[in-house]
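Q: Input structure: model_23.cif, which contains mmCIF, C-alpha atoms.
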data_upload
#
loop_
_atom_site.label_atom_id
_atom_site.label_comp_id
_atom_site.auth_asym_id
_atom_site.auth_seq_id
_atom_site.Cartn_x
_atom_site.Cartn_y
_atom_site.Cartn_z
CA MET A 36 -23.91 25.54 25.85
CA SER A 37 -23.66 21.85 26.71
CA ILE A 38 -26.23 20.80 29.33
CA TYR A 39 -23.32 19.45 31.41
CA ASN A 40 -21.22 22.60 31.12
CA HIS A 41 -21.28 24.60 34.33
CA LYS A 42 -20.52 27.79 32.39
CA SER A 43 -23.95 27.71 30.73
CA THR A 44 -24.50 31.30 31.87
CA VAL A 45 -22.05 32.52 29.21
CA PRO A 46 -23.96 34.76 26.75
CA ALA A 47 -24.43 32.80 23.56
CA GLY A 48 -23.97 34.00 20.02
CA LYS A 49 -26.00 32.49 17.22
CA VAL A 50 -25.28 30.46 14.10
CA GLU A 51 -27.07 31.50 10.93
CA GLN A 52 -27.18 29.55 7.68
CA LEU A 53 -25.99 31.36 4.56
CA THR A 54 -27.06 29.68 1.33
CA ILE A 55 -24.78 30.08 -1.65
CA ASP A 56 -25.58 28.88 -5.16
CA SER A 57 -22.12 28.50 -6.62
CA LEU A 58 -21.60 29.06 -10.32
CA LEU A 59 -18.03 27.78 -9.99
CA LEU A 60 -19.11 24.46 -8.49
CA LYS A 61 -21.86 23.80 -11.02
CA ASN A 62 -21.18 20.66 -13.07
CA ASN A 63 -18.16 19.78 -10.92
CA PRO A 64 -16.49 16.47 -11.90
CA LEU A 65 -17.68 14.60 -8.80
CA GLY A 66 -21.31 15.65 -9.13
CA ASP A 67 -21.27 17.28 -5.70
CA PRO A 68 -23.91 19.91 -4.82
CA HIS A 69 -23.30 23.43 -6.08
CA GLU A 70 -25.78 24.88 -3.59
CA ARG A 71 -24.18 24.96 -0.16
CA HIS A 72 -25.51 25.92 3.26
CA VAL A 73 -22.73 27.71 5.14
CA PRO A 74 -22.91 28.18 8.95
CA VAL A 75 -21.93 31.67 10.09
CA TYR A 76 -21.30 32.42 13.77
CA LEU A 77 -22.48 35.83 14.94
CA PRO A 78 -21.25 36.88 18.40
CA HIS A 79 -23.63 37.73 21.25
CA GLY A 80 -24.97 41.23 20.77
CA TYR A 81 -24.28 41.25 17.04
CA THR A 82 -25.60 44.40 15.41
CA GLU A 83 -25.22 45.90 11.97
CA GLU A 84 -24.49 49.24 13.63
CA ILE A 85 -20.84 48.24 14.05
CA THR A 86 -18.45 46.08 12.01
CA TYR A 87 -16.53 42.96 13.06
CA PRO A 88 -13.37 41.15 11.99
CA VAL A 89 -14.05 37.84 10.26
CA MET A 90 -12.46 34.41 10.42
CA TYR A 91 -12.95 31.43 8.11
CA TYR A 92 -12.66 28.00 9.76
CA LEU A 93 -11.86 25.14 7.35
CA ALA A 94 -13.01 21.69 8.47
CA ALA A 95 -10.64 18.73 8.55
CA TYR A 96 -10.93 15.76 6.18
CA THR A 97 -14.11 13.70 6.88
CA ASN A 98 -15.77 16.77 8.43
CA SER A 99 -17.71 19.71 7.05
CA GLY A 100 -18.80 23.24 7.87
CA GLN A 101 -22.09 21.88 9.19
CA GLY A 102 -20.29 19.23 11.23
CA VAL A 103 -17.89 21.47 13.13
CA VAL A 104 -20.60 23.73 14.56
CA GLU A 105 -22.69 20.92 16.02
CA TRP A 106 -23.20 20.15 19.72
CA ARG A 107 -20.64 17.84 21.30
CA ALA A 108 -21.10 15.42 24.15
CA PHE A 109 -17.62 15.97 25.55
CA GLY A 110 -16.15 19.45 25.43
CA GLU A 111 -17.27 22.55 23.60
CA SER A 112 -18.46 23.03 20.09
CA ILE A 113 -16.59 25.78 18.26
CA PRO A 114 -19.47 28.28 18.70
CA GLU A 115 -19.49 27.49 22.44
CA ARG A 116 -15.72 27.98 22.57
CA LEU A 117 -16.07 31.34 20.83
CA ASP A 118 -18.79 32.38 23.29
CA ARG A 119 -16.54 31.55 26.23
CA LEU A 120 -13.38 33.16 24.87
CA ILE A 121 -15.28 36.36 24.06
CA HIS A 122 -17.01 36.35 27.46
CA GLU A 123 -13.67 35.89 29.25
CA GLY A 124 -12.19 38.80 27.35
CA LYS A 125 -9.55 36.65 25.66
CA MET A 126 -10.76 37.86 22.27
CA GLY A 127 -13.28 40.37 21.01
CA PRO A 128 -16.55 39.79 19.13
CA THR A 129 -15.80 38.15 15.80
CA ILE A 130 -17.80 36.72 12.91
CA VAL A 131 -16.69 33.19 12.00
CA VAL A 132 -17.62 31.50 8.70
CA PHE A 133 -17.54 27.72 8.22
CA PRO A 134 -17.26 26.99 4.47
CA GLU A 135 -19.24 23.93 3.42
CA CYS A 136 -16.98 22.00 1.04
CA PHE A 137 -17.60 18.31 1.75
CA THR A 138 -17.24 16.11 -1.32
CA ARG A 139 -17.93 12.62 -2.62
CA LEU A 140 -14.28 11.84 -1.77
CA GLY A 141 -14.87 12.32 1.95
CA GLY A 142 -13.56 15.83 2.42
CA ASN A 143 -11.51 18.56 0.81
CA GLN A 144 -8.05 20.12 0.70
CA TYR A 145 -9.68 23.36 -0.55
CA LEU A 146 -7.54 23.76 -3.68
CA ASP A 147 -8.67 24.26 -7.26
CA SER A 148 -8.62 20.78 -8.77
CA PRO A 149 -9.61 19.61 -12.28
CA ALA A 150 -10.78 16.32 -10.76
CA MET A 151 -12.80 17.82 -7.89
CA GLY A 152 -13.71 21.43 -8.61
CA PRO A 153 -12.41 24.97 -7.98
CA TYR A 154 -12.91 25.11 -4.21
CA ALA A 155 -10.21 27.71 -3.48
CA SER A 156 -11.74 30.03 -6.06
CA HIS A 157 -15.22 29.28 -4.72
CA ILE A 158 -14.20 30.50 -1.26
CA HIS A 159 -12.24 33.55 -2.44
CA ASP A 160 -14.35 34.70 -5.38
CA GLU A 161 -17.87 33.70 -4.31
CA LEU A 162 -18.18 33.04 -0.60
CA MET A 163 -16.05 35.86 0.78
CA PRO A 164 -17.81 38.60 -1.24
CA LEU A 165 -21.23 37.17 -0.27
CA VAL A 166 -20.29 37.17 3.43
CA GLU A 167 -19.18 40.79 3.20
CA GLN A 168 -22.42 41.76 1.44
CA THR A 169 -24.58 39.94 3.99
CA PHE A 170 -22.97 40.65 7.37
CA ALA A 171 -21.35 43.61 9.11
CA VAL A 172 -17.79 42.64 8.31
CA LYS A 173 -14.82 45.02 8.53
CA LYS A 174 -13.56 45.71 5.03
CA GLY A 175 -10.11 44.72 3.85
CA PRO A 176 -7.87 41.66 4.15
CA GLN A 177 -6.19 43.08 7.27
CA HIS A 178 -9.41 42.19 9.14
CA ARG A 179 -9.70 38.66 7.69
CA ALA A 180 -8.18 35.40 8.98
CA VAL A 181 -8.33 31.75 7.99
CA LEU A 182 -7.64 28.74 10.19
CA GLY A 183 -8.14 25.02 10.43
CA LYS A 184 -6.61 21.75 11.55
CA SER A 185 -5.27 18.88 9.46
CA SER A 186 -6.60 19.44 5.92
CA GLY A 187 -7.99 22.77 7.10
CA GLY A 188 -4.59 23.81 8.47
CA PHE A 189 -2.95 22.78 5.20
CA ALA A 190 -5.46 24.91 3.28
CA ALA A 191 -4.94 27.88 5.61
CA ILE A 192 -1.24 28.15 4.83
CA ARG A 193 -1.83 27.38 1.15
CA PHE A 194 -4.37 30.22 1.01
CA ALA A 195 -1.70 32.55 2.42
CA MET A 196 0.79 31.28 -0.16
CA ASP A 197 -1.55 31.18 -3.16
CA PHE A 198 -3.67 34.28 -2.54
CA PRO A 199 -1.26 37.01 -1.44
CA GLY A 200 -2.83 40.08 0.05
CA GLN A 201 -6.15 38.35 0.77
CA TRP A 202 -5.53 37.42 4.41
CA GLY A 203 -4.37 39.32 7.46
CA ALA A 204 -3.50 36.26 9.55
CA ILE A 205 -3.71 32.47 9.51
CA ALA A 206 -3.55 29.58 11.96
CA ASN A 207 -2.38 26.14 10.88
CA HIS A 208 -3.07 23.34 13.39
CA SER A 209 -1.32 20.09 12.40
CA GLY A 210 -1.72 20.83 8.72
CA ASP A 211 -0.57 18.33 6.11
CA ALA A 212 3.16 18.81 5.53
CA GLY A 213 6.17 16.60 4.88
CA PHE A 214 4.37 14.44 2.32
CA ASP A 215 7.14 11.82 2.12
CA LEU A 216 6.52 10.81 5.74
CA LEU A 217 2.81 11.58 5.80
CA TYR A 218 1.50 9.66 2.80
CA GLN A 219 4.02 7.19 1.37
CA ARG A 220 4.02 4.78 4.28
CA ASP A 221 0.32 4.02 3.68
CA PHE A 222 0.59 3.26 -0.03
CA PRO A 223 0.86 -0.55 0.47
CA ALA A 224 -2.23 -0.57 2.72
CA VAL A 225 -4.18 1.45 0.16
CA ALA A 226 -3.08 -0.91 -2.62
CA ASP A 227 -4.32 -3.87 -0.57
CA ILE A 228 -7.73 -2.28 -0.11
CA LEU A 229 -8.12 -1.40 -3.79
CA ALA A 230 -7.04 -4.92 -4.78
CA GLN A 231 -10.37 -6.07 -3.35
CA PHE A 232 -12.00 -3.97 -6.09
CA ASN A 233 -9.61 -5.07 -8.86
CA GLY A 234 -7.95 -1.68 -8.67
CA ASP A 235 -11.12 0.02 -9.90
CA ILE A 236 -11.22 3.31 -7.98
CA GLU A 237 -14.68 4.33 -9.18
CA LYS A 238 -16.06 0.93 -8.15
CA PHE A 239 -14.49 1.40 -4.71
CA ILE A 240 -16.06 4.86 -4.33
CA LYS A 241 -19.53 3.59 -5.25
CA ARG A 242 -19.26 0.65 -2.85
CA PHE A 243 -17.94 2.95 -0.12
CA TRP A 244 -21.12 5.03 -0.14
CA LYS A 245 -23.39 1.98 -0.35
CA ALA A 246 -21.74 0.15 2.57
CA LYS A 247 -23.75 -0.29 5.75
CA LYS A 248 -20.56 0.04 7.77
CA VAL A 249 -17.63 2.28 6.87
CA MET A 250 -14.29 0.74 7.85
CA GLY A 251 -11.29 2.77 8.91
CA SER A 252 -9.13 1.11 6.27
CA HIS A 253 -11.59 2.22 3.60
CA ILE A 254 -11.50 5.79 4.92
CA LEU A 255 -7.69 5.64 4.58
CA ALA A 256 -8.03 4.53 0.95
CA MET A 257 -10.64 7.19 0.24
CA MET A 258 -8.37 9.85 1.74
CA HIS A 259 -5.55 8.92 -0.62
CA ILE A 260 -7.95 8.98 -3.56
CA CYS A 261 -9.00 12.47 -2.46
CA MET A 262 -5.36 13.53 -2.27
CA ALA A 263 -4.67 12.13 -5.75
CA ALA A 264 -7.66 14.03 -7.12
CA THR A 265 -6.36 17.20 -5.46
CA TYR A 266 -2.62 17.10 -6.05
CA ASP A 267 -2.26 15.49 -9.48
CA GLU A 268 -3.41 17.98 -12.09
CA ALA A 269 -2.95 15.31 -14.77
CA ASN A 270 -6.04 13.50 -13.47
CA GLY A 271 -9.03 14.01 -15.69
CA ASP A 272 -12.25 12.09 -15.18
CA GLU A 273 -10.22 9.05 -14.06
CA ILE A 274 -8.30 9.44 -10.80
CA THR A 275 -4.90 7.72 -10.69
CA LEU A 276 -2.73 7.13 -7.60
CA PRO A 277 1.04 7.80 -7.71
CA PHE A 278 2.02 4.15 -7.42
CA ASP A 279 1.42 0.89 -9.25
CA LEU A 280 -1.54 -0.87 -7.63
CA ALA A 281 -0.05 -4.32 -8.34
CA THR A 282 3.58 -3.78 -7.29
CA CYS A 283 3.34 -0.58 -5.21
CA GLU A 284 6.23 0.85 -7.23
CA LEU A 285 6.24 4.64 -7.11
CA ASP A 286 5.25 6.56 -10.23
CA ASN A 287 7.84 9.28 -9.79
CA GLU A 288 6.30 11.69 -12.29
CA ARG A 289 2.95 11.61 -10.51
CA TRP A 290 4.57 11.68 -7.07
CA GLN A 291 6.48 14.81 -7.98
CA ARG A 292 3.16 16.52 -8.69
CA TRP A 293 2.06 15.61 -5.16
CA LEU A 294 5.30 16.90 -3.69
CA ALA A 295 4.89 20.21 -5.50
CA HIS A 296 1.82 20.84 -3.30
CA ASP A 297 3.66 20.18 -0.02
CA PRO A 298 3.81 23.49 1.89
CA VAL A 299 7.40 22.60 2.86
CA ASN A 300 8.34 22.70 -0.83
CA ARG A 301 6.52 25.94 -1.56
CA VAL A 302 8.01 28.28 1.02
CA GLU A 303 10.88 29.68 -1.06
CA ALA A 304 8.60 30.62 -3.95
CA THR A 305 6.01 32.24 -1.69
CA VAL A 306 8.11 34.20 0.79
CA ALA A 307 6.76 37.55 -0.43
CA ALA A 308 3.18 36.34 0.00
CA LEU A 309 3.81 34.99 3.51
CA GLN A 310 5.56 38.18 4.56
CA GLN A 311 2.37 40.11 3.84
CA LEU A 312 0.66 38.37 6.75
CA ASN A 313 0.32 40.21 10.02
CA GLY A 314 0.22 36.91 11.90
CA LEU A 315 1.20 33.29 11.13
CA TYR A 316 0.46 30.75 13.87
CA MET A 317 1.31 27.04 13.66
CA ASP A 318 1.28 24.18 16.14
CA CYS A 319 1.39 20.39 16.17
CA GLY A 320 1.39 17.55 18.67
CA PHE A 321 4.79 15.90 19.03
CA ARG A 322 3.03 12.51 19.11
CA ASP A 323 1.08 13.05 15.88
CA GLN A 324 0.26 9.57 14.59
CA TYR A 325 0.66 10.71 10.98
CA PHE A 326 4.13 12.13 11.72
CA ILE A 327 3.03 15.60 10.68
CA HIS A 328 5.20 17.12 13.42
CA TYR A 329 8.24 16.34 11.29
CA GLY A 330 6.78 18.16 8.30
CA MET A 331 5.72 21.06 10.49
CA ARG A 332 9.23 21.28 11.93
CA GLN A 333 10.65 21.39 8.40
CA LEU A 334 8.16 24.11 7.52
CA ALA A 335 9.00 26.18 10.61
CA LYS A 336 12.73 25.75 9.96
CA LYS A 337 12.37 27.12 6.44
CA LEU A 338 10.22 30.02 7.61
CA GLU A 339 12.87 30.90 10.17
CA LYS A 340 15.70 30.63 7.64
CA LEU A 341 13.85 32.89 5.20
CA GLN A 342 12.97 35.36 7.98
CA VAL A 343 9.21 34.94 7.71
CA GLU A 344 7.80 35.98 11.07
CA HIS A 345 5.75 33.20 12.62
CA THR A 346 4.86 31.38 15.83
CA TYR A 347 5.39 27.62 16.01
CA THR A 348 4.54 25.56 19.10
CA GLU A 349 4.54 21.84 19.81
CA PHE A 350 2.37 20.26 22.49
CA ASN A 351 2.05 16.86 24.12
CA GLY A 352 -0.66 15.40 21.93
CA THR A 353 -1.54 13.46 18.80
CA HIS A 354 -3.51 14.42 15.69
CA SER A 355 -6.79 13.78 17.50
CA GLY A 356 -8.76 15.70 20.11
CA ILE A 357 -6.86 18.95 19.67
CA ASP A 358 -9.68 21.50 19.52
CA TYR A 359 -8.47 22.87 22.85
CA ARG A 360 -5.58 24.39 20.89
CA LEU A 361 -8.09 26.88 19.50
CA ASP A 362 -7.85 28.61 22.89
CA GLU A 363 -4.39 29.69 21.69
CA SER A 364 -5.01 30.42 18.02
CA LEU A 365 -8.36 32.24 18.14
CA PRO A 366 -7.14 35.02 20.50
CA PHE A 367 -3.88 35.21 18.50
CA LEU A 368 -5.80 35.73 15.26
CA TYR A 369 -8.19 38.23 16.80
CA GLU A 370 -5.30 40.40 17.97
CA LYS A 371 -3.86 40.39 14.45
CA ILE A 372 -7.08 41.31 12.61
CA LYS A 373 -9.12 43.34 15.09
#
In structure tokens, how does this file's structure come out?
A:
Amino acid sequence: MSIYNHKSTVPAGKVEQLTIDSLLLKNNPLGDPHERHVPVYLPHGYTEEITYPVMYYLAAYTNSGQGVVEWRAFGESIPERLDRLIHEGKMGPTIVVFPECFTRLGGNQYLDSPAMGPYASHIHDELMPLVEQTFAVKKGPQHRAVLGKSSGGFAAIRFAMDFPGQWGAIANHSGDAGFDLLYQRDFPAVADILAQFNGDIEKFIKRFWKAKKVMGSHILAMMHICMAATYDEANGDEITLPFDLATCELDNERWQRWLAHDPVNRVEATVAALQQLNGLYMDCGFRDQYFIHYGMRQLAKKLEKLQVEHTYTEFNGTHSGIDYRLDESLPFLYEKIK
């Protein structure tokens, strides 16, 4: 526990590192590592004599599996939060896996992408079986949950939509939704940044990683490049954004490929998959600076209309500093998969 946390007497679990040499990620288009070191939280008193439900926590954009388990100066790390919630009896002992999927584009949306690599398949076809071979995990999807915030929340609901019957419950904290409001407003700012590199995206990426100081505006541009690499299946080795870099005019054909990945636009086609879940939790701050609360409201409205059982809550907060919301979702998920 944190040295300034007065609850340091809470029995602590441990974090082990699981190394996976991924065949699916070998020779990926971005040249990212195919060997990954995945943190796995084991609750206090873990023993192979009994089995445990398992959760997969997907890091937000700019973060990684390694990053989210680290010590924090203010507040709890996720392992510390798990220790406390288990100690307080708000949830039972659970194994939590933190997939390591950071990329050269600053993060991941965890989909299979020709321009990035098959990360959804990597998690489902390689990592999940390895976890179940290595640790005392309860068998069957009814004992398996996935959660995350921002990009991780987006991926959690996409996993439920795209991999029916693989998950017992999910939690989506402020996950990307309502792409029209979320992304389009930043296209002019991204065009301005890339103009400094003559519109050469690969040149921008190389300079980004060589820079002594990373600017927020450059992170914004990199994020949109990551989204283009994820959402536009027409991208090959050369990533193209869905607007003209000189005039900022929208390329409607490319933009439609982005919109096809918006969870709001996928609900009708995936109702049967979502109805297989035993629990679907969503929340969002009603002051989210990326306006994701509007997309989340649209998503919740469609789920309600199509009679997909779910929980949706809004809270007085932004997109930042919302880990405390895990006090709601982790016990919820545990109850659904225990």
Q: Pick the closest to A:Ser209 from A:Asp272, A:Glu363, A:Asp318, A:Glu115: which is it, counting all atoms listed in the file?
A: A:Asp318
Q: Select, from A:Pro153, A:Pro88, A:Gly142, A:Gly330, the residue with the minimum atom-to-atom distance to A:Pro176, counting only C-alpha atoms.
A: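 Ranking A:Pro153, A:Pro88, A:Gly142, A:Gly330 by distance to A:Pro176, first place goes to A:Pro88.
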Q: List every residue of stretch 206-246 of chain A that has an atom at most 12 Å from any atom of stretch 52-72 of chain A, and for each one report the closest atom pair and its distance in Å to one decimal, counting all atoms listed in the file, with rows sorted by chain and then by increasing residue number, as a Markdown table.
A:
| residue | atom | partner | partner_atom | distance |
| --- | --- | --- | --- | --- |
| A:Glu237 | CA | A:Leu65 | CA | 10.7 |
| A:Ile240 | CA | A:Leu65 | CA | 10.8 |
| A:Lys241 | CA | A:Leu65 | CA | 11.7 |
Q: Residue by residue, what does the PyMOL selection byres ((chain A and resi 192) around 8) grab here? Present the result as JSON, numbers by chain.
A: {"A": [188, 189, 190, 191, 193, 194, 195, 196, 205, 206, 207, 298]}
Q: Could you please take those selected residues and save C-alpha atoms as a compact mmCIF listing (two decimals), keeping the file's coordinate frame?
A:
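The resulting again_39.txt:
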# COMPACT_ATOMS: atom_id res chain seq x y z
CA GLY A 188 -4.59 23.81 8.47
CA PHE A 189 -2.95 22.78 5.20
CA ALA A 190 -5.46 24.91 3.28
CA ALA A 191 -4.94 27.88 5.61
CA ARG A 193 -1.83 27.38 1.15
CA PHE A 194 -4.37 30.22 1.01
CA ALA A 195 -1.70 32.55 2.42
CA MET A 196 0.79 31.28 -0.16
CA ILE A 205 -3.71 32.47 9.51
CA ALA A 206 -3.55 29.58 11.96
CA ASN A 207 -2.38 26.14 10.88
CA PRO A 298 3.81 23.49 1.89
Q: Compare A:Gly183, A:Pro78, A:Lys238, A:Glu268 by their minimum atom-to-atom distance to A:Gly152, counting all atoms listed in the file, and give me the closest one.
A: A:Glu268
Q: Looking at all atoms listed in the file, which of A:Gly213, A:Pro277, A:Pro46, A:Gly234 is the one that sits closest to A:Val299?
A: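 Checking each candidate against A:Val299, we get A:Gly213 as the closest.
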Q: So what does the PyMOL selection byres ((chain A and resi 157-174) around 7) actually pick up in this one, as an MDAnalysis selection string?
A: chainID A and resid 59 83 85:89 153:156 175 178
Q: Residues within 7 Å of stretch 91-100 of chain A, please, as a list in words. Count only C-alpha atoms; anything in the same chain fewer than 3 positions from it doesn't count.
A: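 The contact residues come out as Val73, Pro74, Val103, Val104, Val131, Val132, Phe133, Pro134, Glu135, Cys136, Phe137, Gly141, Gly142, Asn143, Ala180, Val181, Leu182, Gly183, Lys184, Ser185, Ser186 and Gly187 of chain A.
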Q: By how many Å are atom CA of A:Asp362 and atom CA of A:Gly80 apart?
A: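 Here the two named atoms are 21.4 Å from each other.
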